[in-house]
$ cat final_33.txt   # compact mmCIF, C-alpha atoms and all ligand atoms
# COMPACT_ATOMS: atom_id res chain seq x y z
CA MET A 75 -29.63 -5.21 -0.15
CA THR A 76 -30.48 -4.07 3.38
CA PRO A 77 -27.63 -3.12 5.74
CA ALA A 78 -28.28 -6.41 7.59
CA ALA A 79 -28.05 -8.44 4.37
CA ARG A 80 -24.77 -6.70 3.50
CA LEU A 81 -23.40 -7.67 6.89
CA GLN A 82 -24.41 -11.30 6.31
CA ALA A 83 -22.79 -11.24 2.84
CA ALA A 84 -19.57 -9.89 4.38
CA ILE A 85 -19.60 -12.79 6.87
CA GLU A 86 -19.94 -15.31 4.03
CA VAL A 87 -17.11 -13.69 2.06
CA LEU A 88 -14.90 -13.59 5.15
CA ASP A 89 -15.49 -17.31 5.77
CA GLU A 90 -13.99 -17.92 2.33
CA VAL A 91 -11.15 -15.44 2.87
CA ILE A 92 -10.21 -17.21 6.10
CA ALA A 93 -10.22 -20.64 4.43
CA SER A 94 -8.23 -19.26 1.52
CA ALA A 95 -5.60 -17.72 3.80
CA ARG A 96 -5.20 -21.09 5.53
CA ASP A 97 -5.00 -23.10 2.29
CA ASP A 98 -2.96 -20.59 0.25
CA GLY A 99 -5.90 -19.88 -2.04
CA PRO A 100 -6.84 -16.71 -3.92
CA PRO A 101 -6.64 -13.22 -2.35
CA ALA A 102 -9.60 -11.47 -0.69
CA ASP A 103 -10.18 -9.18 -3.67
CA THR A 104 -10.72 -12.15 -5.99
CA ILE A 105 -13.03 -13.81 -3.48
CA VAL A 106 -15.24 -10.72 -3.23
CA THR A 107 -15.51 -10.50 -7.03
CA ARG A 108 -16.28 -14.21 -7.30
CA TYR A 109 -18.93 -14.02 -4.57
CA PHE A 110 -20.94 -11.46 -6.51
CA LYS A 111 -20.65 -13.14 -9.88
CA HIS A 112 -23.70 -15.31 -9.21
CA ARG A 113 -25.60 -12.81 -7.07
CA ARG A 114 -27.16 -10.57 -9.67
CA TYR A 115 -29.51 -8.96 -7.14
CA ALA A 116 -26.58 -7.05 -5.66
CA GLY A 117 -26.02 -3.62 -7.18
CA SER A 118 -22.71 -1.78 -7.41
CA LYS A 119 -23.38 0.09 -4.15
CA ASP A 120 -23.99 -3.24 -2.38
CA ARG A 121 -20.79 -4.71 -3.76
CA ARG A 122 -18.78 -1.70 -2.72
CA ALA A 123 -20.32 -1.70 0.77
CA VAL A 124 -19.67 -5.41 1.32
CA ARG A 125 -16.11 -5.13 0.01
CA GLU A 126 -15.53 -2.23 2.39
CA LEU A 127 -16.91 -4.24 5.35
CA VAL A 128 -14.73 -7.22 4.46
CA PHE A 129 -11.54 -5.17 4.25
CA ARG A 130 -12.31 -3.21 7.42
CA ALA A 131 -12.82 -6.48 9.28
CA ILE A 132 -9.53 -7.90 7.94
CA ARG A 133 -7.57 -4.71 8.76
CA ARG A 134 -8.58 -4.68 12.41
CA SER A 135 -7.70 -8.32 13.00
CA ALA A 136 -3.98 -9.16 13.18
CA GLU A 137 -4.58 -12.89 13.60
CA ARG A 138 -6.79 -15.02 11.39
CA ALA A 139 -10.28 -14.83 12.90
CA ALA A 140 -12.02 -18.10 13.86
CA ASN A 141 -14.67 -17.43 11.19
CA GLY A 142 -16.33 -14.66 9.21
CA ARG A 143 -18.84 -13.98 11.94
CA ALA A 144 -16.14 -13.42 14.56
CA ALA A 145 -14.37 -11.02 12.19
CA ILE A 146 -17.56 -9.01 11.62
CA VAL A 147 -18.46 -9.04 15.33
CA GLY A 148 -15.07 -7.32 15.74
CA LEU A 149 -16.38 -4.34 13.79
CA THR A 150 -19.10 -3.69 16.38
CA GLN A 151 -16.42 -2.40 18.74
CA ASP A 152 -15.80 0.63 16.52
CA GLU A 153 -19.33 0.77 15.05
CA PRO A 154 -21.86 -0.12 17.78
CA GLU A 155 -24.75 0.63 15.39
CA PHE A 156 -23.99 -2.73 13.70
CA VAL A 157 -25.18 -4.55 16.82
CA GLU A 158 -28.85 -4.04 15.97
CA LEU A 159 -28.41 -5.54 12.49
CA PHE A 160 -27.80 -8.97 14.04
CA GLY A 161 -31.11 -10.84 14.11
CA GLN A 162 -32.80 -8.73 11.41
CA PRO A 163 -34.37 -10.42 8.34
CA ARG A 164 -31.62 -11.62 5.89
CA GLY A 165 -29.06 -10.49 8.45
CA PRO A 166 -26.74 -12.52 10.67
CA GLU A 167 -28.12 -14.65 13.51
CA PRO A 168 -28.70 -12.63 16.73
CA LEU A 169 -25.68 -11.99 18.92
CA VAL A 170 -25.44 -14.24 21.95
CA ASP A 171 -24.06 -13.52 25.41
CA GLY A 172 -20.29 -13.59 25.50
CA GLU A 173 -19.93 -13.00 21.76
CA ASP A 174 -17.77 -9.93 22.22
CA ALA A 175 -15.56 -8.04 19.83
CA ALA A 176 -11.89 -8.91 20.04
CA PRO A 177 -9.67 -5.84 20.47
CA ALA A 178 -8.22 -4.43 17.23
CA ALA A 179 -4.57 -5.20 16.51
CA THR A 180 -2.19 -4.41 13.68
CA ILE A 181 0.60 -6.97 13.78
CA PRO A 182 0.51 -10.65 14.75
CA GLU A 183 2.45 -11.16 18.01
CA TRP A 184 4.96 -13.62 16.53
CA ILE A 185 5.88 -11.20 13.74
CA LYS A 186 6.70 -8.24 15.99
CA PRO A 187 10.24 -9.45 16.89
CA GLU A 188 10.89 -10.18 13.19
CA LEU A 189 10.32 -6.54 12.13
CA SER A 190 13.27 -4.36 11.22
CA PRO A 191 14.16 -2.20 14.24
CA LEU A 192 13.44 0.81 12.00
CA VAL A 193 9.73 -0.05 12.02
CA ALA A 194 8.91 1.20 15.51
CA GLU A 195 5.44 0.99 17.06
CA PRO A 196 4.27 4.51 16.08
CA GLU A 197 4.66 3.42 12.44
CA TRP A 198 2.51 0.31 12.76
CA PRO A 199 -0.90 1.85 11.96
CA ALA A 200 0.50 3.11 8.62
CA LEU A 201 1.14 -0.51 7.61
CA LEU A 202 -2.63 -1.01 7.33
CA GLU A 203 -3.76 2.37 5.98
CA ARG A 204 -5.42 2.36 2.58
CA ALA A 205 -2.85 2.91 -0.12
CA PRO A 206 -3.13 5.42 -2.96
CA LEU A 207 -3.09 4.23 -6.56
CA ASP A 208 0.28 4.99 -8.11
CA LEU A 209 0.95 4.99 -11.84
CA ARG A 210 4.33 4.79 -13.54
CA VAL A 211 4.74 6.84 -16.68
CA ASN A 212 6.31 4.95 -19.57
CA VAL A 213 9.18 7.41 -19.94
CA ALA A 214 10.28 5.80 -23.20
CA ARG A 215 7.13 7.15 -24.83
CA SER A 216 5.82 10.04 -22.74
CA SER A 217 6.57 12.22 -19.72
CA ARG A 218 4.98 12.89 -16.36
CA ASP A 219 4.48 16.58 -17.21
CA GLU A 220 2.54 15.60 -20.30
CA LEU A 221 0.32 13.00 -18.60
CA LEU A 222 -0.35 14.49 -15.15
CA PRO A 223 -3.07 16.93 -16.37
CA GLN A 224 -4.91 14.03 -18.04
CA PHE A 225 -5.83 12.46 -14.66
CA GLU A 226 -8.27 13.89 -12.12
CA ASN A 227 -6.97 14.56 -8.58
CA ALA A 228 -3.48 13.49 -9.63
CA THR A 229 -0.26 14.59 -7.94
CA PRO A 230 3.35 13.73 -8.76
CA THR A 231 4.79 11.02 -6.49
CA PRO A 232 7.31 12.72 -4.18
CA LEU A 233 10.16 10.17 -4.49
CA SER A 234 9.94 8.62 -7.94
CA PRO A 235 10.35 10.96 -10.92
CA TRP A 236 8.20 8.56 -12.96
CA GLY A 237 5.12 8.41 -10.71
CA ILE A 238 1.60 9.85 -10.68
CA ARG A 239 -0.47 9.44 -7.52
CA LEU A 240 -4.24 9.02 -7.55
CA PRO A 241 -6.63 8.61 -4.59
CA PRO A 242 -7.20 5.05 -3.23
CA ASP A 243 -9.60 2.93 -5.29
CA SER A 244 -9.24 5.09 -8.44
CA ARG A 245 -9.76 3.18 -11.71
CA VAL A 246 -7.50 3.58 -14.69
CA ASP A 247 -8.04 0.51 -16.85
CA ASP A 248 -10.45 2.43 -19.09
CA HIS A 249 -8.24 5.54 -19.32
CA PRO A 250 -6.89 6.20 -22.84
CA ALA A 251 -3.31 6.68 -21.55
CA PHE A 252 -3.46 3.21 -19.95
CA ALA A 253 -4.85 1.56 -23.08
CA ALA A 254 -2.11 3.26 -25.12
CA GLY A 255 0.63 1.86 -22.87
CA LEU A 256 1.73 5.26 -21.59
CA VAL A 257 1.16 4.37 -17.92
CA GLU A 258 1.18 1.21 -15.81
CA VAL A 259 -0.16 0.71 -12.29
CA GLN A 260 2.89 0.46 -10.04
CA ASP A 261 3.45 1.49 -6.44
CA GLU A 262 6.07 4.18 -5.96
CA GLY A 263 8.14 1.74 -3.89
CA SER A 264 8.36 -0.67 -6.84
CA GLN A 265 9.38 2.21 -9.08
CA LEU A 266 12.19 3.01 -6.65
CA ILE A 267 13.46 -0.58 -6.90
CA ALA A 268 13.75 -0.15 -10.68
CA LEU A 269 15.48 3.22 -10.12
CA ALA A 270 17.93 1.52 -7.73
CA CYS A 271 18.96 -0.69 -10.68
CA GLU A 272 20.19 2.35 -12.67
CA PRO A 273 19.75 0.51 -15.97
CA HIS A 274 21.76 1.65 -19.02
CA ASP A 275 20.92 1.33 -22.67
CA ARG A 276 23.52 -1.26 -23.60
CA ASP A 277 23.12 -3.39 -20.44
CA LYS A 278 22.28 -7.09 -20.43
CA ILE A 279 19.67 -7.31 -17.70
CA LEU A 280 18.11 -10.38 -16.12
CA ASP A 281 14.99 -9.98 -14.00
CA LEU A 282 15.15 -13.34 -12.24
CA CYS A 283 11.81 -13.23 -10.41
CA ALA A 284 9.89 -11.15 -12.90
CA GLY A 285 6.35 -12.28 -12.06
CA ALA A 286 4.00 -10.43 -14.40
CA GLY A 287 6.88 -8.11 -15.25
CA GLY A 288 6.12 -4.93 -13.29
CA LYS A 289 9.77 -4.07 -12.66
CA ALA A 290 11.05 -5.46 -15.99
CA LEU A 291 8.66 -3.06 -17.74
CA ALA A 292 9.99 -0.16 -15.67
CA LEU A 293 13.57 -1.13 -16.58
CA ALA A 294 12.66 -1.37 -20.27
CA ALA A 295 11.08 2.09 -20.17
CA ALA A 296 14.13 3.60 -18.46
CA ALA A 297 16.63 1.88 -20.77
CA PRO A 298 14.88 1.00 -24.05
CA GLY A 299 18.18 -0.10 -25.60
CA ALA A 300 18.92 -2.71 -22.93
CA THR A 301 18.57 -6.45 -23.55
CA ILE A 302 16.13 -7.73 -20.93
CA LEU A 303 15.36 -11.34 -20.04
CA ALA A 304 12.45 -11.81 -17.62
CA THR A 305 12.26 -15.19 -15.87
CA ASP A 306 9.91 -16.71 -13.33
CA SER A 307 8.93 -20.17 -12.17
CA ASN A 308 5.21 -19.37 -12.25
CA ARG A 309 3.75 -19.86 -15.71
CA ALA A 310 0.48 -18.02 -15.02
CA ARG A 311 2.24 -14.91 -13.74
CA LEU A 312 4.85 -14.81 -16.48
CA SER A 313 2.19 -15.25 -19.16
CA LYS A 314 0.82 -11.81 -18.21
CA LEU A 315 4.06 -10.15 -19.26
CA PRO A 316 3.95 -10.38 -23.10
CA PRO A 317 0.63 -8.51 -23.47
CA ARG A 318 1.81 -5.83 -21.04
CA ALA A 319 5.10 -5.49 -22.92
CA ALA A 320 3.19 -5.24 -26.21
CA ARG A 321 1.00 -2.45 -24.82
CA ALA A 322 4.09 -0.57 -23.60
CA ALA A 323 5.97 -1.26 -26.89
CA ALA A 324 8.79 -2.76 -24.79
CA VAL A 325 11.08 -5.57 -25.90
CA ILE A 326 11.41 -8.12 -23.09
CA GLU A 327 12.09 -11.84 -23.56
CA PRO A 328 10.19 -14.08 -21.13
CA ARG A 329 11.59 -17.47 -20.05
CA LEU A 330 9.89 -19.94 -17.72
CA LEU A 331 12.18 -21.59 -15.17
CA ASN A 332 11.67 -25.00 -13.58
CA PRO A 333 13.25 -25.18 -10.11
CA PRO A 334 15.64 -26.66 -9.18
CA ALA A 335 17.08 -26.50 -12.73
CA GLU A 336 17.25 -22.69 -13.00
CA LEU A 337 21.02 -22.49 -13.44
CA ASP A 338 21.02 -25.08 -16.26
CA GLU A 339 18.17 -23.26 -17.95
CA LEU A 340 20.14 -20.02 -17.70
CA ALA A 341 23.44 -21.51 -18.92
CA ASP A 342 23.59 -18.91 -21.71
CA TRP A 343 23.53 -16.13 -19.09
CA ARG A 344 26.30 -17.49 -16.82
CA GLU A 345 28.62 -14.64 -15.79
CA ALA A 346 27.02 -12.60 -18.58
CA ALA A 347 24.66 -10.11 -16.96
CA ASP A 348 25.53 -6.49 -16.31
CA LEU A 349 22.65 -6.52 -13.86
CA VAL A 350 20.53 -9.20 -12.20
CA LEU A 351 17.44 -8.05 -10.33
CA VAL A 352 16.31 -10.50 -7.65
CA ASP A 353 12.82 -9.35 -6.63
CA ALA A 354 12.47 -12.37 -4.41
CA PRO A 355 9.33 -14.08 -3.12
CA CYS A 356 8.77 -12.89 0.45
CA SER A 357 6.34 -12.45 3.33
CA GLY A 358 4.73 -9.46 1.60
CA SER A 359 4.73 -7.67 4.95
CA GLY A 360 5.44 -4.40 3.14
CA THR A 361 2.18 -4.67 1.18
CA TRP A 362 -0.29 -5.32 3.99
CA ARG A 363 -1.97 -1.98 3.24
CA ARG A 364 -3.08 -3.52 -0.08
CA ASN A 365 -3.36 -7.16 1.05
CA PRO A 366 -4.19 -6.98 4.75
CA GLU A 367 -5.04 -10.69 4.84
CA GLY A 368 -1.37 -11.37 4.06
CA ARG A 369 -0.96 -11.28 7.88
CA TRP A 370 -3.32 -14.27 8.06
CA ARG A 371 -1.37 -16.24 5.46
CA LEU A 372 2.06 -15.99 6.98
CA THR A 373 3.22 -18.65 9.43
CA PRO A 374 6.66 -19.17 11.00
CA GLU A 375 7.12 -22.24 8.76
CA ARG A 376 6.21 -20.28 5.62
CA LEU A 377 8.60 -17.51 6.59
CA ASP A 378 11.45 -20.00 7.09
CA ARG A 379 10.72 -21.53 3.68
CA LEU A 380 10.71 -18.11 1.99
CA ILE A 381 14.02 -17.21 3.61
CA GLY A 382 15.51 -20.46 2.25
CA THR A 383 14.24 -19.66 -1.27
CA GLN A 384 15.64 -16.12 -1.12
CA LYS A 385 19.05 -17.46 -0.14
CA ARG A 386 18.96 -19.96 -2.98
CA LEU A 387 17.94 -17.29 -5.53
CA LEU A 388 20.76 -14.99 -4.36
CA GLY A 389 23.20 -17.85 -4.94
CA ILE A 390 21.82 -18.41 -8.45
CA ALA A 391 21.96 -14.69 -9.28
CA ALA A 392 25.59 -14.50 -8.15
CA GLU A 393 26.51 -17.05 -10.85
CA LEU A 394 24.86 -15.00 -13.59
CA VAL A 395 26.47 -11.60 -12.97
CA LYS A 396 29.62 -10.88 -14.96
CA PRO A 397 32.77 -9.72 -13.16
CA GLY A 398 32.27 -6.04 -12.38
CA GLY A 399 28.51 -6.41 -12.77
CA ARG A 400 25.77 -5.69 -10.26
CA MET A 401 22.89 -7.35 -8.51
CA VAL A 402 19.89 -5.61 -6.95
CA TYR A 403 18.06 -7.61 -4.29
CA ALA A 404 14.59 -6.50 -3.25
CA VAL A 405 11.78 -7.84 -1.08
CA CYS A 406 8.44 -6.19 -0.30
CA SER A 407 9.10 -7.03 3.32
CA LEU A 408 9.80 -5.24 6.58
CA LEU A 409 11.22 -8.33 8.28
CA SER A 410 14.96 -8.23 9.05
CA ARG A 411 15.67 -11.87 8.21
CA GLU A 412 14.36 -11.33 4.66
CA GLY A 413 16.18 -8.02 4.17
CA ALA A 414 19.27 -6.80 6.00
CA GLY A 415 19.88 -10.24 7.53
CA GLN A 416 19.69 -12.03 4.19
CA ILE A 417 22.22 -9.65 2.60
CA ALA A 418 24.59 -9.77 5.59
CA ALA A 419 24.66 -13.58 5.24
CA PHE A 420 25.24 -13.32 1.47
CA LEU A 421 28.16 -10.90 1.87
CA ASP A 422 29.64 -13.13 4.60
CA SER A 423 29.73 -16.11 2.26
CA HIS A 424 30.59 -14.30 -1.03
CA SER A 425 33.88 -12.49 -0.53
CA SER A 426 34.08 -11.08 -4.07
CA TRP A 427 30.94 -8.99 -3.55
CA ILE A 428 30.55 -5.58 -1.91
CA SER A 429 27.48 -3.49 -1.21
CA GLU A 430 26.84 -0.07 -2.71
CA ASP A 431 24.30 2.49 -1.52
CA PRO A 432 21.26 2.24 -3.81
CA ALA A 433 21.04 5.84 -4.96
CA ILE A 434 17.32 6.40 -4.48
CA ALA A 435 15.32 9.15 -2.84
CA GLY A 436 13.67 8.13 0.44
CA GLY A 437 14.17 5.14 2.67
CA ARG A 438 16.53 4.66 5.57
CA SER A 439 19.77 2.67 5.84
CA ASP A 440 19.09 -0.84 7.10
CA GLY A 441 22.26 -2.94 7.28
CA ALA A 442 23.82 -3.02 3.80
CA GLY A 443 20.62 -1.82 2.11
CA ARG A 444 17.76 0.64 2.45
CA LEU A 445 14.30 0.19 3.87
CA LEU A 446 11.27 2.01 2.49
CA THR A 447 8.23 1.96 4.74
CA PRO A 448 4.61 3.13 4.44
CA GLY A 449 4.99 5.28 7.58
CA HIS A 450 8.29 6.95 6.66
CA ASP A 451 8.10 7.09 2.86
CA GLY A 452 4.40 6.73 1.97
CA THR A 453 5.26 3.75 -0.25
CA ASP A 454 4.74 0.03 0.12
CA GLY A 455 7.44 -1.40 2.38
CA PHE A 456 10.56 -2.60 0.58
CA PHE A 457 14.09 -3.61 1.49
CA VAL A 458 16.55 -3.04 -1.35
CA ALA A 459 20.28 -3.70 -1.58
CA ARG A 460 22.68 -3.08 -4.44
CA LEU A 461 25.67 -5.39 -4.68
CA LYS A 462 28.70 -5.27 -6.96
CA ARG A 463 30.86 -8.18 -8.04
CA ALA A 464 34.60 -7.48 -8.08
CA CYS A 465 36.23 -7.31 -11.55
C1 LIG B 1 7.84 -10.52 -5.52
S1 LIG B 1 7.32 -11.53 -6.81
C2 LIG B 1 7.94 -10.70 -8.22
C3 LIG B 1 7.19 -9.45 -8.62
C4 LIG B 1 7.64 -8.84 -9.92
N1 LIG B 1 9.07 -8.68 -10.00
C5 LIG B 1 6.97 -7.50 -10.18
O1 LIG B 1 7.65 -6.46 -10.16
O2 LIG B 1 5.75 -7.50 -10.38
C6 LIG B 1 8.36 -12.93 -6.67
C7 LIG B 1 8.31 -13.89 -7.82
O3 LIG B 1 9.31 -14.90 -7.64
C8 LIG B 1 8.87 -16.03 -8.32
N2 LIG B 1 9.71 -17.19 -7.97
C9 LIG B 1 9.63 -18.00 -6.89
N3 LIG B 1 10.60 -18.95 -6.94
C10 LIG B 1 11.30 -18.72 -8.07
C11 LIG B 1 12.41 -19.36 -8.69
N4 LIG B 1 12.98 -20.41 -8.13
N5 LIG B 1 12.88 -18.87 -9.85
C12 LIG B 1 12.30 -17.80 -10.43
N6 LIG B 1 11.23 -17.14 -9.89
C13 LIG B 1 10.75 -17.60 -8.73
C14 LIG B 1 7.41 -16.12 -7.95
O4 LIG B 1 6.68 -16.91 -8.86
C15 LIG B 1 6.99 -14.64 -7.97
O5 LIG B 1 6.40 -14.30 -9.20
$ encode --input "final_33.txt" --output "structure tokens" --more "lines below"
Ligand SMILES: C[S@@+](CC[C@H](N)C(=O)[O-])C[C@H]1O[C@@H](n2cnc3c(N)ncnc32)[C@H](O)[C@@H]1O
Amino acid sequence: MTPAARLQAAIEVLDEVIASARDDGPPADTIVTRYFKHRRYAGSKDRRAVRELVFRAIRRSAERAANGRAAIVGLTQDEPEFVELFGQPRGPEPLVDGEDAAPAATIPEWIKPELSPLVAEPEWPALLERAPLDLRVNVARSSRDELLPQFENATPTPLSPWGIRLPPDSRVDDHPAFAAGLVEVQDEGSQLIALACEPHDRDKILDLCAGAGGKALALAAAAPGATILATDSNRARLSKLPPRAARAAAVIEPRLLNPPAELDELADWREAADLVLVDAPCSGSGTWRRNPEGRWRLTPERLDRLIGTQKRLLGIAAELVKPGGRMVYAVCSLLSREGAGQIAAFLDSHSSWISEDPAIAGGRSDGAGRLLTPGHDGTDGFFVARLKRAC
């Protein structure tokens, strides 16, 4: 493909990404892959170049662009050499007068006042920087010292004792250690959430919002003798857990929940858990460096809905923890209402609960919890709080 044809392809992909962000469709990564499935003429260099253009255009645009063309026109501000590709054969239509690049911006205006006060403006660019690829060593079956030399350009993650850091866009799915279940892909921030749980071998642990089981797998590796139930309301996500658990040789029971009947479906776990992890659905504002189009998906209405769901899930979790037991609440968010604000409201209305400092490296105190941020900690952004129920 010529440079002009790549630019046109990026415009077409971005049109789909914009529609998908509006309609809650698949993420940009999936759209890029799908776009090339039926375009056999594109080689791997073309695919990589188009993907790169698409993500650069998304990163520089805080608000959802009007269309793919407007998003790509934005790139001409930083890369004026793109201007001459407009109007070339197989390239985009020529630029017209007044079709100027919008200035680059990191954070949508309406979200700025929602950010935790800890996330000050100098930190904003880090929210969109390309993230490294972090691996978590399955410490039940191997060690970081043993595995680190098996990966090229690998360094130990500075905060998690379980992590190996590789450069952005590294691939590991064909690495023997991955196939053998000795490592999983997991951001260091997620590893720290599992560390904040301090799981013990005889614990009964419920991972209430387990998704595809990333954190449940980390808990199982850290405490192989624990009983772990992993629940989620999304069948497709939860169905990814059993094969991952099999690869890791971890014992985790999955259970699909059907809101609003979660508490009935968890009747056998009422006041029974030593630990409930609530890794709640959230804005994802801590993971924009991986999913920059997450900024285009979020709306004030969506945020309000998410905050309502988080509150509901905290209420459910509180019923499942035994007296003297603990709950860890986490969101991959940098927004106060989803983090410190949510926990302040919970503690206000649940007098038999107190907060404890989650004993993890990194992060800064934010209300009753800790906030990890890309700028301060080099991890995805997370709020985490550890709560204890009175005996
Ligand atoms: C942040 S994700 C979890 C990620 C996962 N813990 C991991 O480490 O990969 C939040 C999850 O909450 C789930 N969820 C949303 N509403 C729920 C509910 N009412 N009960 C259980 N899970 C729910 C979503 O399907 C989603 O998978």
$ residues_around --input "final_33.txt" --residues "A:Ile434" --least-positions-apart "5" --cutoff "9 Å" --atoms "only C-alpha atoms" --output "list in words"
Leu233, Ser234, Leu266, Ile267, Leu269 and Ala270 of chain A
$ closest_residue --input "final_33.txt" --among "A:Ala178, A:Asp451, A:Phe129, A:Leu303" --to "A:Ala435" --atoms "all atoms listed in the file"
A:Asp451
$ atom_distance --input "final_33.txt" --atom1 "atom CA of A:Pro374" --atom2 "atom CA of A:Gly449"
24.7 Å
$ residues_near_ligand --input "final_33.txt" --ligand "ligand LIG 1 (chain B)" --cutoff "9 Å" --atoms "all atoms listed in the file" --output "number ranges by chain"
A: 260, 264-265, 267-268, 281-292, 304-312, 330-336, 351-356, 358, 380, 383-384, 386-387, 404-406
$ closest_residue --input "final_33.txt" --among "A:Asp348, A:Glu183, A:Asp378, A:Glu226" --to "A:Cys465" --atoms "all atoms listed in the file"
A:Asp348
$ residues_around --input "final_33.txt" --residues "A:Pro366" --least-positions-apart "5" --cutoff "8 Å" --atoms "all atoms listed in the file" --output "list in words"
Phe129, Ile132, Arg133, Leu202 and Thr361 of chain A
$ atom_distance --input "final_33.txt" --atom1 "atom CA of A:Leu445" --atom2 "atom CA of A:Lys385"
18.7 Å
$ residues_around --input "final_33.txt" --residues "A:Pro298" --least-positions-apart "2" --cutoff "9 Å" --atoms "all atoms listed in the file" --output "NGL selection string"
:A and (214 or 274-276 or 293-296 or 300-301 or 324-325)
$ closest_residue --input "final_33.txt" --among "A:Leu388, A:Leu201, A:Leu88, A:Ala144" --to "A:Arg364" --atoms "all atoms listed in the file"
A:Leu201
$ atom_distance --input "final_33.txt" --atom1 "atom CA of A:Ala140" --atom2 "atom CA of A:Ile92"
8.0 Å
$ closest_residue --input "final_33.txt" --among "A:Pro187, A:Ala459, A:Leu280, A:Arg321" --to "A:Phe252" --atoms "all atoms listed in the file"
A:Arg321
$ closest_residue --input "final_33.txt" --among "A:Met75, A:Ala442, A:Leu240, A:Leu149" --to "A:Arg164" --atoms "all atoms listed in the file"
A:Met75
$ closest_residue --input "final_33.txt" --among "A:Arg400, A:Arg460, A:Lys278, A:Arg379" --to "A:Ala414" --atoms "only C-alpha atoms"
A:Arg460
$ residues_around --input "final_33.txt" --residues "A:Ile185" --least-positions-apart "3" --cutoff "10 Å" --atoms "all atoms listed in the file" --output "NGL selection string"
:A and (181-182 or 188-189 or 359 or 369 or 372-374 or 377 or 409)
$ residues_around --input "final_33.txt" --residues "A:Asp152" --least-positions-apart "6" --cutoff "10 Å" --atoms "only C-alpha atoms" --output "number ranges by chain"
A: 134, 175, 177-178
$ decode --input "final_33.txt" --residues "stretch 114-125 of chain A" --atoms "N, CA, C and O atoms" --output "PDB file, in the first residue's frame"
ATOM      1  N   ARG A 114      -6.659  -8.795   1.716  1.00  0.00           N
ATOM      2  CA  ARG A 114      -5.463  -9.638   1.654  1.00  0.00           C
ATOM      3  C   ARG A 114      -4.268  -8.925   1.034  1.00  0.00           C
ATOM      4  O   ARG A 114      -3.131  -9.344   1.212  1.00  0.00           O
ATOM      5  N   TYR A 115      -4.549  -7.845   0.260  1.00  0.00           N
ATOM      6  CA  TYR A 115      -3.447  -7.134  -0.400  1.00  0.00           C
ATOM      7  C   TYR A 115      -2.564  -6.411   0.617  1.00  0.00           C
ATOM      8  O   TYR A 115      -1.432  -6.041   0.326  1.00  0.00           O
ATOM      9  N   ALA A 116      -3.060  -6.221   1.823  1.00  0.00           N
ATOM     10  CA  ALA A 116      -2.285  -5.470   2.816  1.00  0.00           C
ATOM     11  C   ALA A 116      -1.298  -6.399   3.522  1.00  0.00           C
ATOM     12  O   ALA A 116      -1.677  -7.444   4.038  1.00  0.00           O
ATOM     13  N   GLY A 117      -0.034  -6.023   3.498  1.00  0.00           N
ATOM     14  CA  GLY A 117       0.986  -6.823   4.179  1.00  0.00           C
ATOM     15  C   GLY A 117       1.089  -6.435   5.650  1.00  0.00           C
ATOM     16  O   GLY A 117       0.398  -5.523   6.114  1.00  0.00           O
ATOM     17  N   SER A 118       1.984  -7.117   6.374  1.00  0.00           N
ATOM     18  CA  SER A 118       2.053  -6.864   7.817  1.00  0.00           C
ATOM     19  C   SER A 118       2.559  -5.448   8.107  1.00  0.00           C
ATOM     20  O   SER A 118       2.146  -4.819   9.075  1.00  0.00           O
ATOM     21  N   LYS A 119       3.431  -4.931   7.217  1.00  0.00           N
ATOM     22  CA  LYS A 119       3.915  -3.554   7.431  1.00  0.00           C
ATOM     23  C   LYS A 119       2.775  -2.558   7.256  1.00  0.00           C
ATOM     24  O   LYS A 119       2.679  -1.572   7.974  1.00  0.00           O
ATOM     25  N   ASP A 120       1.905  -2.823   6.243  1.00  0.00           N
ATOM     26  CA  ASP A 120       0.757  -1.940   6.023  1.00  0.00           C
ATOM     27  C   ASP A 120      -0.158  -1.948   7.243  1.00  0.00           C
ATOM     28  O   ASP A 120      -0.613  -0.917   7.711  1.00  0.00           O
ATOM     29  N   ARG A 121      -0.434  -3.142   7.732  1.00  0.00           N
ATOM     30  CA  ARG A 121      -1.344  -3.269   8.881  1.00  0.00           C
ATOM     31  C   ARG A 121      -0.797  -2.505  10.076  1.00  0.00           C
ATOM     32  O   ARG A 121      -1.520  -1.790  10.758  1.00  0.00           O
ATOM     33  N   ARG A 122       0.515  -2.710  10.308  1.00  0.00           N
ATOM     34  CA  ARG A 122       1.117  -2.030  11.459  1.00  0.00           C
ATOM     35  C   ARG A 122       1.055  -0.516  11.278  1.00  0.00           C
ATOM     36  O   ARG A 122       0.737   0.220  12.212  1.00  0.00           O
ATOM     37  N   ALA A 123       1.324  -0.058  10.043  1.00  0.00           N
ATOM     38  CA  ALA A 123       1.343   1.392   9.798  1.00  0.00           C
ATOM     39  C   ALA A 123      -0.064   1.990   9.980  1.00  0.00           C
ATOM     40  O   ALA A 123      -0.218   3.058  10.577  1.00  0.00           O
ATOM     41  N   VAL A 124      -1.071   1.290   9.489  1.00  0.00           N
ATOM     42  CA  VAL A 124      -2.438   1.810   9.600  1.00  0.00           C
ATOM     43  C   VAL A 124      -2.877   1.823  11.066  1.00  0.00           C
ATOM     44  O   VAL A 124      -3.464   2.792  11.560  1.00  0.00           O
ATOM     45  N   ARG A 125      -2.558   0.739  11.770  1.00  0.00           N
ATOM     46  CA  ARG A 125      -2.911   0.649  13.189  1.00  0.00           C
ATOM     47  C   ARG A 125      -2.284   1.816  13.960  1.00  0.00           C
ATOM     48  O   ARG A 125      -2.924   2.468  14.778  1.00  0.00           O
TER      49      ARG A 125
END
